[in-house]
Every structure is written in structure tokens, then in C-alpha cells.
Amino acid sequence: MNDTVTRRNFLTTASVAAVAATAASSSARAAEAGGPGMLKILGVSCSPRRGMTTAQAVQAALNAAQAVDSRIQTELIDLGGLSIAPWSPKPPEDDMKAILPKFQDPALAGLIVGSPSYFRSLSGLAKCFLERLAPLREPKMVLADKPFGVVAVGAFRNGGQELTIEQIQAILLCYGMIPVGGHAPAFQGATVLSANDSIAQDDLGLKTAAQLGKHVGEVAVKLVGR
Ligand SMILES: Cc1cc2nc3c(=O)[nH]c(=O)nc-3n(C[C@H](O)[C@H](O)[C@H](O)COP(=O)(O)O)c2cc1C
């Protein structure tokens with residue numbers, strides 16, 4: 001390889017790097033402004049207790065998703081304290097009305113759903129919320145082909161977190177979504193242990209939340225193909 005070619009290669013590489021840097025900074029600006037190129041990842045906490053351990057664990061996953069790519073913007077929707085009735089033939093007039101449009105946003109690129117384990121199962125609030133996404137199935141499968149991950153928090157180490165994750169995965173498959181586990185050790189999703197209403201000491205559980213969020217972010221970027 002002669003010097004000229006080496007220099008040309010260097011210049012080409014440098015210009016590609018410059019273009020890539022410009023594109024990255026403009027997409028970062030797009031993400032800040034919520035403009036084109038922005039990838040939105042929504043987190044939903046389905047504990048009736050606002051701001052408690054489920055919301056905190058979902059936020060930990062969202063933080064990891066956000067760190068994957070500057071175009072990713074995250075938002076936590078905490079259902080704690082909100083009124084969300086189950087699906088009914090006459091659509092209930094409740095807080096779901098304000099939430100549903102967030103899932104119709106064309107920038108939505110991924111979802112992280114968190115539920116406490118209640119009797120080794122998903123919370124009633126989680127079930128109501130997931131049923132009420134039904135308008136997003138017809139006439140168009142709005143959520144189809146978007147990745148999702150699940151976070152489950154229990155007061156026992158083997159308190160049904162994995163069952164809770166499976167139940168939520170089964171529901172979101174009906175929306176055409178793509179289930180994503182985390183990188184090890186979060187194979188199925190985030191399994192978090194709450195002790196005295198705190199997850200701060202659960203290093204392993206917080207790692208699963210971070211690994212899940214990271215993988216949802218990575219898959220969201222890959223699926224958008226940019
Ligand atoms: C009705 C009810 C049932 C519960 N069942 C379980 C259970 O089966 N397994 C478990 O590990 N924890 C169980 N818990 C404890 C919660 O999963 C745990 O406290 C969780 O952290 C609550 O989430 P939050 O802090 O976001 O409200 C139960 C709590 C309630 C209120």
C-alpha cells in the first residue's frame with residue numbers, strides 16, 4: 001500500500017467519521033427535540049403503588065435502554081393511582097383515554113412493562129391496562145413488530161416473577177409484539193426482589209433490569225434499521 005492510497009483511505013475514513021459524527025449529533029438533537037429519527041421507548045409500571053419498587057425497576061431498565069443510542073428517548077408511565085378499568089363493550093371513561101395516544105406515536109420503538117408479582121401472577125392493574133390496549137389491534141396492529149421486555153418485582157426471590165413475565169409476554173404476543181429477554185443473567189426478563197419495599201440491595205435484580213433495558217434498546221435500534 002503506497003502513501004497516497006494510505007492518505008486517501010485516511011481521508012475517506014476521516015470524512016466517513018465526520019459524516020457519521022454529524023449524523024449522530026443531528027440524531028441526538030432529533031431525540032432531544034422529539035423529531036424525526038427519535039426512537040421512543042415507553043416504560044409502564046403496573047403497580048397500584050405509585051413510585052414504588054416496580055416503577056423504580058422499570059426506570060432502571062429505561063435508563064439502560066436510553067444509554068444504548070443517543071436517538072433513544074424514554075418515558076415512564078406510572079399507572080399507580082390511576083383509574084383503569086378492564087375492557088368492556090362500552091369503552092370505560094377513565095384514565096386510559098390520556099394514555100392510549102402515547103402508544104400510537106409513530107416514534108414508538110419499544111416497550112418495557114413492569115408488574116409486581118401478585119399471587120405469583122400479574123397485577124390486576126397490569127391485566128386491565130393490557131386489555132385496554134385492544135383498540136391498537138384493530139383495524140391496524142399498531143404495536144406489531146416492536147420489541148418489548150418485562151420487569152417483575154416480588155417480595156420473595158422465587159415469588160412468581162418468571163410466571164408474571166410469561167403471562168405478560170403471552171398477552172403482548174397477541175398484539176404482534178416481539179418478546180425480548182435480557183442479556184445474561186436476565187434471560188426471560190428482569191426478575192427483581194423487593195425487601196421491605198426497597199430494591200436497592202438487590203444487585204442481581206437491578207442487573208437483570210439493566211440487561212433487559214439494554215437489549216430492548218439494541219433490538220429497537222436494529223429493527224428500525226438505522
Ligand atoms: C395482593 C398481593 C399479592 C402478592 N403476592 C406476591 C407473590 O405471590 N410473590 C411475591 O414475591 N410477592 C408478592 N407480593 C409482594 C409484592 O409483589 C411486592 O411487594 C412488590 O414489590 C410490590 O410492588 P410495588 O412496590 O411496586 O408496589 C404481593 C403483594 C400483594 C399486595
# chains A, B, ... in the order shown; residues from 1 in each chain; ligands from 1
>>> residues_near_ligand(ligand="ligand 1", cutoff="9 Å", atoms="only C-alpha atoms and all ligand atoms", output="count of residues only")
41
>>> residues_around(residues="Lys214 (chain A)", least_positions_apart="5", cutoff="10 Å", atoms="only C-alpha atoms", output="list in words")
Ala61, Leu62, Asn63, Ala64, Ala65, Gln66, Ala67, Val68, Asp69, Gly181, Gly182, His183, Thr208, Ala209, Val219 and Ala220 of chain A
>>> atom_distance(atom1="CA of Ala210 (chain A)", atom2="CA of Ile171 (chain A)")
23.0 Å
>>> atom_distance(atom1="CA of Ala134 (chain A)", atom2="CA of Asp95 (chain A)")
15.1 Å
>>> select_by_dssp(residues="region 103-223 of chain A", states="alpha helix (DSSP H)", output="JSON, numbers by chain")
{"A": [124, 125, 126, 127, 128, 129, 130, 131, 161, 162, 163, 164, 165, 166, 167, 168, 169, 170, 171, 172, 173, 203, 204, 205, 206, 207, 208, 209, 210, 211, 212, 213, 214, 215, 216, 217, 218, 219, 220, 221, 222, 223]}
>>> residues_around(residues="Leu173 (chain A)", least_positions_apart="5", cutoff="10 Å", atoms="only C-alpha atoms", output="list in words")
Leu143, Ala144, Asp145, Phe148, Ile168, Ile178 and Pro179 of chain A
>>> write_last_selection(atoms="C-alpha atoms", output="mmCIF file, in the first residue's frame")
data_model
loop_
_atom_site.group_PDB
_atom_site.id
_atom_site.type_symbol
_atom_site.label_atom_id
_atom_site.label_comp_id
_atom_site.auth_asym_id
_atom_site.auth_seq_id
_atom_site.Cartn_x
_atom_site.Cartn_y
_atom_site.Cartn_z
ATOM 1 C CA LEU A 143 -47.760 -2.407 18.056
ATOM 2 C CA ALA A 144 -46.773 -5.201 15.665
ATOM 3 C CA ASP A 145 -43.071 -5.953 15.261
ATOM 4 C CA PHE A 148 -40.854 -5.429 24.440
ATOM 5 C CA ILE A 168 -47.390 -10.555 30.157
ATOM 6 C CA ILE A 178 -41.651 -9.234 19.783
ATOM 7 C CA PRO A 179 -40.615 -10.515 23.226
#
>>> closest_residue(among="A:Ala109, A:Val142, A:Val151, A:Ala60", to="Leu122 (chain A)", atoms="only C-alpha atoms")
A:Val151
>>> atom_distance(atom1="CA of Ala184 (chain A)", atom2="CA of Lys146 (chain A)")
21.5 Å
>>> closest_residue(among="A:Thr191, A:Leu212, A:Ala170, A:Lys40", to="Asp105 (chain A)", atoms="only C-alpha atoms")
A:Lys40
>>> closest_residue(among="A:Glu166, A:Gln104, A:Arg132, A:Gly110", to="Lys90 (chain A)", atoms="only C-alpha atoms")
A:Arg132
>>> closest_residue(among="A:Pro139, A:Arg71, A:Leu42, A:Glu131", to="Ile84 (chain A)", atoms="only C-alpha atoms")
A:Glu131
>>> closest_residue(among="A:Leu100, A:Leu136, A:Cys128, A:Ile72", to="Glu218 (chain A)", atoms="only C-alpha atoms")
A:Ile72
>>> closest_residue(among="A:Pro106, A:Gly149, A:Leu172, A:Pro89", to="Gln211 (chain A)", atoms="only C-alpha atoms")
A:Gly149
>>> select_by_dssp(residues="region 27-213 of chain A", states="strand (DSSP E)", output="count of residues only")
37
